[in-house]
$ cat final.csv   # CSV, C-alpha atoms
chain,number,residue,atom,x,y,z
A,1,MET,CA,157.9,-127.5,21.6
A,2,THR,CA,159.6,-129.0,18.6
A,3,SER,CA,160.6,-132.1,20.5
A,4,ALA,CA,157.0,-132.6,21.6
A,5,PHE,CA,155.8,-132.5,18.0
A,6,LEU,CA,158.6,-134.8,16.7
A,7,TRP,CA,158.1,-137.4,19.4
A,8,GLY,CA,154.4,-137.5,18.7
A,9,LEU,CA,155.1,-137.8,15.0
A,10,LEU,CA,157.6,-140.6,15.7
A,11,ALA,CA,155.1,-142.6,17.8
A,12,ALA,CA,152.4,-142.3,15.2
A,13,SER,CA,154.8,-143.0,12.3
A,14,SER,CA,154.2,-146.7,12.9
A,15,LEU,CA,150.8,-146.2,11.2
A,16,LEU,CA,152.8,-145.6,8.0
A,17,ILE,CA,155.0,-148.6,8.7
A,18,GLY,CA,151.9,-150.8,9.3
A,19,GLY,CA,150.4,-149.6,6.0
A,20,LEU,CA,153.6,-150.5,4.1
A,21,LEU,CA,153.8,-153.9,5.8
A,22,ALA,CA,150.2,-154.6,4.7
A,23,PHE,CA,151.2,-153.7,1.1
A,24,TRP,CA,154.5,-155.7,1.0
A,25,PHE,CA,153.6,-158.8,2.9
A,26,LYS,CA,150.6,-161.1,3.3
A,27,ILE,CA,150.1,-161.3,7.0
A,28,SER,CA,147.8,-164.0,8.3
A,29,ASN,CA,144.8,-163.2,10.5
A,30,LYS,CA,146.4,-165.3,13.3
A,31,MET,CA,149.7,-163.4,13.2
A,32,LEU,CA,147.9,-160.1,13.1
A,33,GLY,CA,145.8,-161.2,16.1
A,34,LEU,CA,149.0,-162.1,18.0
A,35,ILE,CA,150.5,-158.7,17.1
A,36,MET,CA,147.4,-157.0,18.5
A,37,ALA,CA,147.7,-159.1,21.7
A,38,PHE,CA,151.3,-158.0,22.1
A,39,GLY,CA,150.4,-154.4,21.5
A,40,SER,CA,147.5,-154.6,24.0
A,41,GLY,CA,149.8,-155.9,26.7
A,42,VAL,CA,152.2,-153.1,26.0
A,43,LEU,CA,149.5,-150.5,26.3
A,44,ILE,CA,148.0,-152.0,29.5
A,45,SER,CA,151.4,-151.9,31.1
A,46,ALA,CA,151.9,-148.3,30.0
A,47,VAL,CA,148.6,-147.2,31.6
A,48,ALA,CA,149.5,-149.0,34.8
A,49,PHE,CA,153.2,-148.1,35.2
A,50,GLU,CA,153.3,-144.8,33.4
A,51,LEU,CA,149.9,-143.0,33.5
A,52,ALA,CA,148.3,-144.3,36.7
A,53,HIS,CA,151.4,-144.3,38.8
A,54,GLU,CA,152.3,-140.7,37.9
A,55,ALA,CA,148.7,-139.5,38.1
A,56,VAL,CA,148.2,-140.9,41.6
A,57,GLU,CA,151.4,-139.1,42.8
A,58,LEU,CA,150.4,-135.8,41.1
A,59,ALA,CA,146.8,-136.0,42.5
A,60,HIS,CA,147.9,-136.1,46.1
A,61,GLY,CA,144.6,-137.6,47.2
A,62,SER,CA,142.5,-135.0,45.4
A,63,GLY,CA,140.5,-137.5,43.5
A,64,MET,CA,141.4,-135.9,40.1
A,65,ALA,CA,143.1,-139.1,38.9
A,66,ALA,CA,139.9,-141.2,39.5
A,67,LEU,CA,137.8,-138.4,37.9
A,68,GLY,CA,140.0,-138.3,34.9
A,69,LEU,CA,139.9,-142.1,34.5
A,70,PHE,CA,136.1,-142.3,34.4
A,71,ALA,CA,135.8,-139.1,32.3
A,72,GLY,CA,138.2,-140.5,29.7
A,73,ALA,CA,136.4,-143.8,29.6
A,74,ILE,CA,133.0,-142.1,29.2
A,75,VAL,CA,134.1,-139.6,26.5
A,76,PHE,CA,135.8,-142.4,24.5
A,77,PHE,CA,132.8,-144.6,24.8
A,78,ALA,CA,130.5,-141.9,23.6
A,79,GLY,CA,132.8,-140.9,20.7
A,80,ASP,CA,133.2,-144.5,19.7
A,81,TRP,CA,129.5,-145.0,19.8
A,82,ILE,CA,128.9,-142.0,17.5
A,83,ILE,CA,131.6,-143.1,15.1
A,84,GLY,CA,130.2,-146.7,15.2
A,85,HIS,CA,126.8,-145.4,14.1
A,86,MET,CA,128.5,-143.5,11.3
A,87,GLY,CA,129.9,-146.8,10.0
A,88,GLY,CA,133.3,-146.9,11.6
A,89,GLU,CA,132.7,-149.6,14.2
A,90,ASP,CA,134.9,-152.1,12.3
A,91,ARG,CA,137.9,-149.8,11.8
A,92,LYS,CA,140.2,-152.3,13.7
A,93,SER,CA,138.5,-155.5,12.7
A,94,ILE,CA,140.7,-158.0,11.0
A,95,GLY,CA,139.4,-159.0,7.6
A,96,ALA,CA,136.8,-156.2,7.4
A,97,ALA,CA,136.3,-154.3,4.1
A,98,HIS,CA,135.8,-150.5,4.2
A,99,ASP,CA,134.2,-148.9,1.2
A,100,ASN,CA,134.8,-145.3,0.0
A,101,ALA,CA,131.8,-144.0,1.9
A,102,LEU,CA,133.4,-144.9,5.2
A,103,GLY,CA,136.4,-142.6,4.8
A,104,LEU,CA,135.3,-140.0,7.3
A,105,PRO,CA,134.2,-142.4,10.2
A,106,ILE,CA,137.3,-144.5,9.7
A,107,THR,CA,139.5,-141.4,9.9
A,108,LEU,CA,137.7,-140.0,12.9
A,109,GLY,CA,137.8,-143.3,14.7
A,110,ILE,CA,141.6,-143.7,14.3
A,111,VAL,CA,142.1,-140.1,15.4
A,112,LEU,CA,139.9,-140.8,18.4
A,113,ASP,CA,142.2,-143.8,19.2
A,114,GLY,CA,145.4,-142.0,18.7
A,115,VAL,CA,144.9,-138.5,20.2
A,116,PRO,CA,144.8,-139.4,23.9
A,117,GLU,CA,148.0,-141.4,23.6
A,118,SER,CA,149.8,-138.5,21.7
A,119,ILE,CA,148.7,-135.9,24.3
A,120,VAL,CA,150.3,-138.0,27.0
A,121,ILE,CA,153.6,-138.1,25.1
A,122,GLY,CA,153.6,-134.3,25.1
A,123,ILE,CA,152.8,-134.2,28.8
A,124,SER,CA,155.7,-136.5,29.6
A,125,LEU,CA,158.1,-133.8,28.4
A,126,LEU,CA,156.8,-131.2,30.9
A,127,GLY,CA,159.3,-129.8,33.4
A,128,GLY,CA,162.3,-130.5,31.2
A,129,HIS,CA,161.9,-134.3,31.4
A,130,THR,CA,162.8,-136.6,28.6
A,131,VAL,CA,160.1,-138.4,26.7
A,132,SER,CA,158.5,-141.4,28.4
A,133,LEU,CA,160.2,-144.3,26.6
A,134,ALA,CA,157.7,-146.8,27.8
A,135,MET,CA,154.7,-144.8,26.5
A,136,LEU,CA,156.5,-144.0,23.2
A,137,ILE,CA,157.2,-147.7,22.6
A,138,ALA,CA,153.6,-148.6,23.7
A,139,VAL,CA,152.0,-146.2,21.2
A,140,PHE,CA,154.4,-147.1,18.4
A,141,ILE,CA,153.9,-150.9,18.7
A,142,SER,CA,150.1,-150.7,19.2
A,143,ASN,CA,149.7,-148.6,16.0
A,144,VAL,CA,151.2,-151.3,13.8
A,145,PRO,CA,148.5,-153.9,13.9
A,146,GLU,CA,145.8,-151.2,13.8
A,147,ALA,CA,147.3,-149.9,10.6
A,148,ILE,CA,147.7,-153.3,9.0
A,149,ALA,CA,144.1,-154.3,9.8
A,150,ALA,CA,142.7,-151.0,8.5
A,151,THR,CA,144.9,-150.9,5.4
A,152,THR,CA,143.8,-154.4,4.5
A,153,GLY,CA,140.2,-153.4,5.0
A,154,LEU,CA,140.5,-150.2,3.0
A,155,GLY,CA,142.3,-151.9,0.2
A,156,ALA,CA,139.6,-154.6,0.0
A,157,GLY,CA,137.0,-151.7,-0.1
A,158,GLY,CA,138.6,-150.3,-3.2
A,159,TRP,CA,140.9,-147.6,-1.8
A,160,SER,CA,144.1,-146.9,-3.7
A,161,ARG,CA,147.5,-147.3,-2.0
A,162,PHE,CA,148.1,-143.6,-2.5
A,163,ARG,CA,144.9,-142.7,-0.7
A,164,ILE,CA,145.5,-145.1,2.1
A,165,MET,CA,149.1,-143.8,2.7
A,166,ARG,CA,147.8,-140.2,2.5
A,167,LEU,CA,145.3,-141.1,5.3
A,168,TRP,CA,148.1,-142.5,7.5
A,169,LEU,CA,150.3,-139.5,6.9
A,170,LEU,CA,147.4,-137.1,7.8
A,171,ILE,CA,146.7,-139.0,11.0
A,172,THR,CA,150.4,-139.1,11.9
A,173,VAL,CA,150.6,-135.3,11.6
A,174,VAL,CA,147.4,-134.9,13.7
A,175,CYS,CA,149.0,-137.1,16.4
A,176,GLY,CA,152.2,-135.0,16.3
A,177,VAL,CA,150.0,-131.8,16.7
A,178,ALA,CA,148.2,-133.5,19.6
A,179,SER,CA,151.5,-134.2,21.3
A,180,LEU,CA,152.5,-130.6,20.8
A,181,ALA,CA,149.2,-129.4,22.2
A,182,GLY,CA,149.6,-131.6,25.3
A,183,PHE,CA,153.0,-129.9,25.9
A,184,VAL,CA,152.0,-126.3,25.2
A,185,LEU,CA,148.5,-126.2,26.7
A,186,LEU,CA,149.5,-128.0,29.9
A,187,GLU,CA,152.9,-126.4,30.4
A,188,HIS,CA,151.7,-124.4,33.4
A,189,ALA,CA,148.9,-126.7,34.5
A,190,SER,CA,148.6,-127.7,38.1
A,191,ASN,CA,149.6,-131.2,39.3
A,192,ALA,CA,145.9,-132.0,39.8
A,193,THR,CA,145.2,-131.0,36.2
A,194,GLN,CA,148.0,-133.1,34.9
A,195,ALA,CA,146.8,-136.1,36.9
A,196,PHE,CA,143.3,-135.7,35.4
A,197,ILE,CA,144.7,-135.6,31.8
A,198,ASN,CA,147.0,-138.6,32.4
A,199,MET,CA,144.1,-140.7,33.6
A,200,PHE,CA,141.7,-139.3,31.1
A,201,ALA,CA,144.0,-140.8,28.4
A,202,GLY,CA,144.3,-143.9,30.5
A,203,GLY,CA,140.6,-144.4,30.7
A,204,ALA,CA,140.2,-143.9,27.0
A,205,ILE,CA,143.0,-146.3,26.2
A,206,LEU,CA,141.5,-149.0,28.5
A,207,VAL,CA,138.0,-148.7,26.9
A,208,MET,CA,139.6,-148.9,23.4
A,209,LEU,CA,141.5,-152.0,24.3
A,210,ALA,CA,138.5,-153.8,25.8
A,211,ASP,CA,136.2,-152.8,22.9
A,212,THR,CA,138.5,-153.4,19.9
A,213,MET,CA,142.0,-154.7,20.2
A,214,ILE,CA,141.7,-157.5,22.8
A,215,PRO,CA,138.6,-159.1,21.3
A,216,GLU,CA,140.2,-159.1,17.9
A,217,ALA,CA,143.4,-160.5,19.3
A,218,PHE,CA,141.7,-163.5,21.0
A,219,GLU,CA,139.3,-164.1,18.1
A,220,HIS,CA,142.1,-164.4,15.5
A,221,GLY,CA,145.1,-165.2,17.7
A,222,GLY,CA,143.5,-168.0,19.7
A,223,LYS,CA,144.6,-169.0,23.2
A,224,LEU,CA,148.2,-168.1,22.4
A,225,ALA,CA,147.1,-164.5,22.4
A,226,GLY,CA,147.0,-164.6,26.2
A,227,LEU,CA,150.7,-165.5,26.5
A,228,VAL,CA,151.7,-163.0,23.9
A,229,ASN,CA,149.7,-160.3,25.7
A,230,VAL,CA,151.7,-161.0,28.9
A,231,MET,CA,154.9,-160.8,26.9
A,232,GLY,CA,153.9,-157.3,25.7
A,233,PHE,CA,153.0,-156.3,29.3
A,234,ALA,CA,156.4,-157.6,30.6
A,235,LEU,CA,158.4,-155.7,28.0
A,236,ALA,CA,156.7,-152.4,28.7
A,237,ALA,CA,157.0,-153.0,32.5
A,238,TYR,CA,160.7,-153.6,32.1
A,239,VAL,CA,161.2,-150.5,30.0
A,240,SER,CA,159.3,-148.5,32.7
A,241,THR,CA,161.8,-149.6,35.3
A,242,ILE,CA,164.9,-148.6,33.3
A,243,SER,CA,163.7,-145.4,31.8
$ encode --input "final.csv" --output "structure tokens"
Amino acid sequence: MTSAFLWGLLAASSLLIGGLLAFWFKISNKMLGLIMAFGSGVLISAVAFELAHEAVELAHGSGMAALGLFAGAIVFFAGDWIIGHMGGEDRKSIGAAHDNALGLPITLGIVLDGVPESIVIGISLLGGHTVSLAMLIAVFISNVPEAIAATTGLGAGGWSRFRIMRLWLLITVVCGVASLAGFVLLEHASNATQAFINMFAGGAILVMLADTMIPEAFEHGGKLAGLVNVMGFALAAYVSTIS
């Protein structure tokens, strides 16, 4: 249980790192777009080689993997739509400014993005297995550009550094708890249920990538973003083969 919480905490701690990087360095929009492209490639690979591969094996033809995929996509789409109408649609936009009134939707949006990934980290520990290194790296890397973009926007909107870092710390702890919940609540779950949860997270991640990270990556990173995206995919795929 402790391991599940700490691994989830570690994966989400890159939100704090991204926030600090935004404070210490002036990162160009192009560079941030390329970082997003790399993180997107890593997450796509993690969904394909970690979540989907294991879910299909666990489902044994029951259809639970496919059901989980579409359920996760629809739930994330609905949650993202609601948060967008609350004012949090630009939470990952590079160069956006978020005023004080957007604190709740920004927080809810980032939690919505991070919780499915964190639950999967907890699930990967079931059965006495070690943590999925590929998934851990994918979540860690993808959080960095998200935190940099949001920190820049929050700072431009008048948020203090202390308040911004407190937000990242809160979300990091929430993600750690989500990882713990994934381990505890699904410890005795059937293979079909685990397959559903794996692909639920996968569906949510894919919609998130298509809606936010990939468009931002190509808008600001240019055509080079495509190559960097492939590099991220290749790295995560390689890690999956050795872990």
$ residues_around --input "final.csv" --residues "Ser3 of chain A" --least-positions-apart "5" --cutoff "10 Å" --atoms "only C-alpha atoms" --output "MDAnalysis selection string"
chainID A and resid 8:9 122 125 130:131 176 179:180 183
$ residues_around --input "final.csv" --residues "Glu117 of chain A" --least-positions-apart "3" --cutoff "8 Å" --atoms "all atoms listed in the file" --output "PyMOL selection string"
chain A and resi 113-114+120-121+139+201+205
$ atom_distance --input "final.csv" --atom1 "atom CA of Val230 of chain A" --atom2 "atom CA of Ser45 of chain A"
9.4 Å
$ closest_residue --input "final.csv" --among "A:Gly63, A:Phe77, A:Thr151, A:Met165" --to "Ser13 of chain A" --atoms "only C-alpha atoms"
A:Met165
$ atom_distance --input "final.csv" --atom1 "atom CA of Ile141 of chain A" --atom2 "atom CA of Glu219 of chain A"
19.7 Å
$ atom_distance --input "final.csv" --atom1 "atom CA of Gly84 of chain A" --atom2 "atom CA of Phe196 of chain A"
26.5 Å
$ closest_residue --input "final.csv" --among "A:Ala210, A:Ile35, A:Ile27, A:Ala12" --to "Met231 of chain A" --atoms "only C-alpha atoms"
A:Ile35
$ closest_residue --input "final.csv" --among "A:Ile17, A:Val144, A:Leu186, A:Leu154" --to "Phe38 of chain A" --atoms "only C-alpha atoms"
A:Val144
$ closest_residue --input "final.csv" --among "A:Leu136, A:Leu34, A:Ile74, A:Ala189" --to "Leu224 of chain A" --atoms "only C-alpha atoms"
A:Leu34
$ closest_residue --input "final.csv" --among "A:Met31, A:Ile148, A:Val239, A:Ala78" --to "Ile164 of chain A" --atoms "all atoms listed in the file"
A:Ile148
$ closest_residue --input "final.csv" --among "A:Ile82, A:Ala192, A:Ala134, A:Leu185" --to "Val47 of chain A" --atoms "only C-alpha atoms"
A:Ala134
$ decode --input "final.csv" --residues "segment 108-121 of chain A" --atoms "all heavy atoms" --output "compact mmCIF listing (two decimals), in the first residue's frame"
# COMPACT_ATOMS: atom_id res chain seq x y z
N LEU A 108 -9.59 21.21 -10.95
CA LEU A 108 -10.39 20.04 -11.33
C LEU A 108 -9.91 19.46 -12.65
O LEU A 108 -9.86 18.24 -12.82
CB LEU A 108 -11.87 20.43 -11.43
CG LEU A 108 -12.58 20.78 -10.12
CD1 LEU A 108 -14.01 21.23 -10.40
CD2 LEU A 108 -12.58 19.59 -9.18
N GLY A 109 -9.55 20.33 -13.59
CA GLY A 109 -9.09 19.87 -14.89
C GLY A 109 -7.80 19.08 -14.80
O GLY A 109 -7.65 18.02 -15.43
N ILE A 110 -6.86 19.56 -14.03
CA ILE A 110 -5.58 18.87 -13.90
C ILE A 110 -5.74 17.56 -13.13
O ILE A 110 -5.09 16.56 -13.43
CB ILE A 110 -4.54 19.80 -13.24
CG1 ILE A 110 -4.29 21.01 -14.15
CG2 ILE A 110 -3.23 19.07 -12.97
CD1 ILE A 110 -3.45 22.11 -13.52
N VAL A 111 -6.62 17.56 -12.14
CA VAL A 111 -6.91 16.32 -11.42
C VAL A 111 -7.55 15.31 -12.37
O VAL A 111 -7.21 14.12 -12.37
CB VAL A 111 -7.84 16.59 -10.21
CG1 VAL A 111 -8.37 15.28 -9.64
CG2 VAL A 111 -7.08 17.35 -9.14
N LEU A 112 -8.49 15.78 -13.22
CA LEU A 112 -9.12 14.91 -14.20
C LEU A 112 -8.08 14.29 -15.13
O LEU A 112 -8.18 13.11 -15.48
CB LEU A 112 -10.13 15.71 -15.03
CG LEU A 112 -10.86 14.97 -16.16
CD1 LEU A 112 -11.82 13.92 -15.58
CD2 LEU A 112 -11.63 15.94 -17.05
N ASP A 113 -7.08 15.07 -15.51
CA ASP A 113 -6.02 14.56 -16.39
C ASP A 113 -5.15 13.52 -15.69
O ASP A 113 -4.73 12.54 -16.31
CB ASP A 113 -5.12 15.72 -16.86
CG ASP A 113 -5.88 16.73 -17.71
OD1 ASP A 113 -6.92 16.38 -18.27
OD2 ASP A 113 -5.41 17.88 -17.80
N GLY A 114 -4.87 13.76 -14.40
CA GLY A 114 -3.87 12.95 -13.70
C GLY A 114 -4.38 11.70 -13.01
O GLY A 114 -3.63 10.73 -12.85
N VAL A 115 -5.64 11.69 -12.59
CA VAL A 115 -6.14 10.58 -11.79
C VAL A 115 -6.14 9.24 -12.54
O VAL A 115 -5.70 8.22 -11.99
CB VAL A 115 -7.55 10.90 -11.23
CG1 VAL A 115 -8.25 9.64 -10.74
CG2 VAL A 115 -7.43 11.90 -10.08
N PRO A 116 -6.63 9.17 -13.80
CA PRO A 116 -6.60 7.86 -14.49
C PRO A 116 -5.20 7.28 -14.59
O PRO A 116 -4.99 6.07 -14.41
CB PRO A 116 -7.18 8.19 -15.88
CG PRO A 116 -8.00 9.41 -15.68
CD PRO A 116 -7.27 10.20 -14.63
N GLU A 117 -4.22 8.14 -14.90
CA GLU A 117 -2.83 7.67 -15.02
C GLU A 117 -2.34 7.13 -13.67
O GLU A 117 -1.66 6.11 -13.62
CB GLU A 117 -1.94 8.82 -15.47
CG GLU A 117 -2.37 9.46 -16.79
CD GLU A 117 -1.71 10.80 -17.02
OE1 GLU A 117 -1.10 11.32 -16.06
OE2 GLU A 117 -1.79 11.32 -18.14
N SER A 118 -2.69 7.82 -12.59
CA SER A 118 -2.22 7.42 -11.27
C SER A 118 -2.85 6.11 -10.82
O SER A 118 -2.18 5.26 -10.21
CB SER A 118 -2.55 8.52 -10.24
OG SER A 118 -1.94 9.74 -10.60
N ILE A 119 -4.12 5.91 -11.13
CA ILE A 119 -4.79 4.66 -10.77
C ILE A 119 -4.09 3.48 -11.44
O ILE A 119 -3.89 2.42 -10.83
CB ILE A 119 -6.27 4.72 -11.17
CG1 ILE A 119 -7.01 5.71 -10.26
CG2 ILE A 119 -6.92 3.33 -11.07
CD1 ILE A 119 -8.47 5.93 -10.65
N VAL A 120 -3.70 3.67 -12.69
CA VAL A 120 -3.03 2.59 -13.42
C VAL A 120 -1.69 2.24 -12.78
O VAL A 120 -1.30 1.07 -12.76
CB VAL A 120 -2.84 2.99 -14.91
CG1 VAL A 120 -1.93 2.00 -15.62
CG2 VAL A 120 -4.18 3.05 -15.61
N ILE A 121 -0.99 3.23 -12.26
CA ILE A 121 0.28 2.96 -11.58
C ILE A 121 0.03 2.06 -10.37
O ILE A 121 0.79 1.11 -10.12
CB ILE A 121 0.96 4.28 -11.15
CG1 ILE A 121 1.46 5.03 -12.39
CG2 ILE A 121 2.11 4.00 -10.18
CD1 ILE A 121 2.03 6.39 -12.10
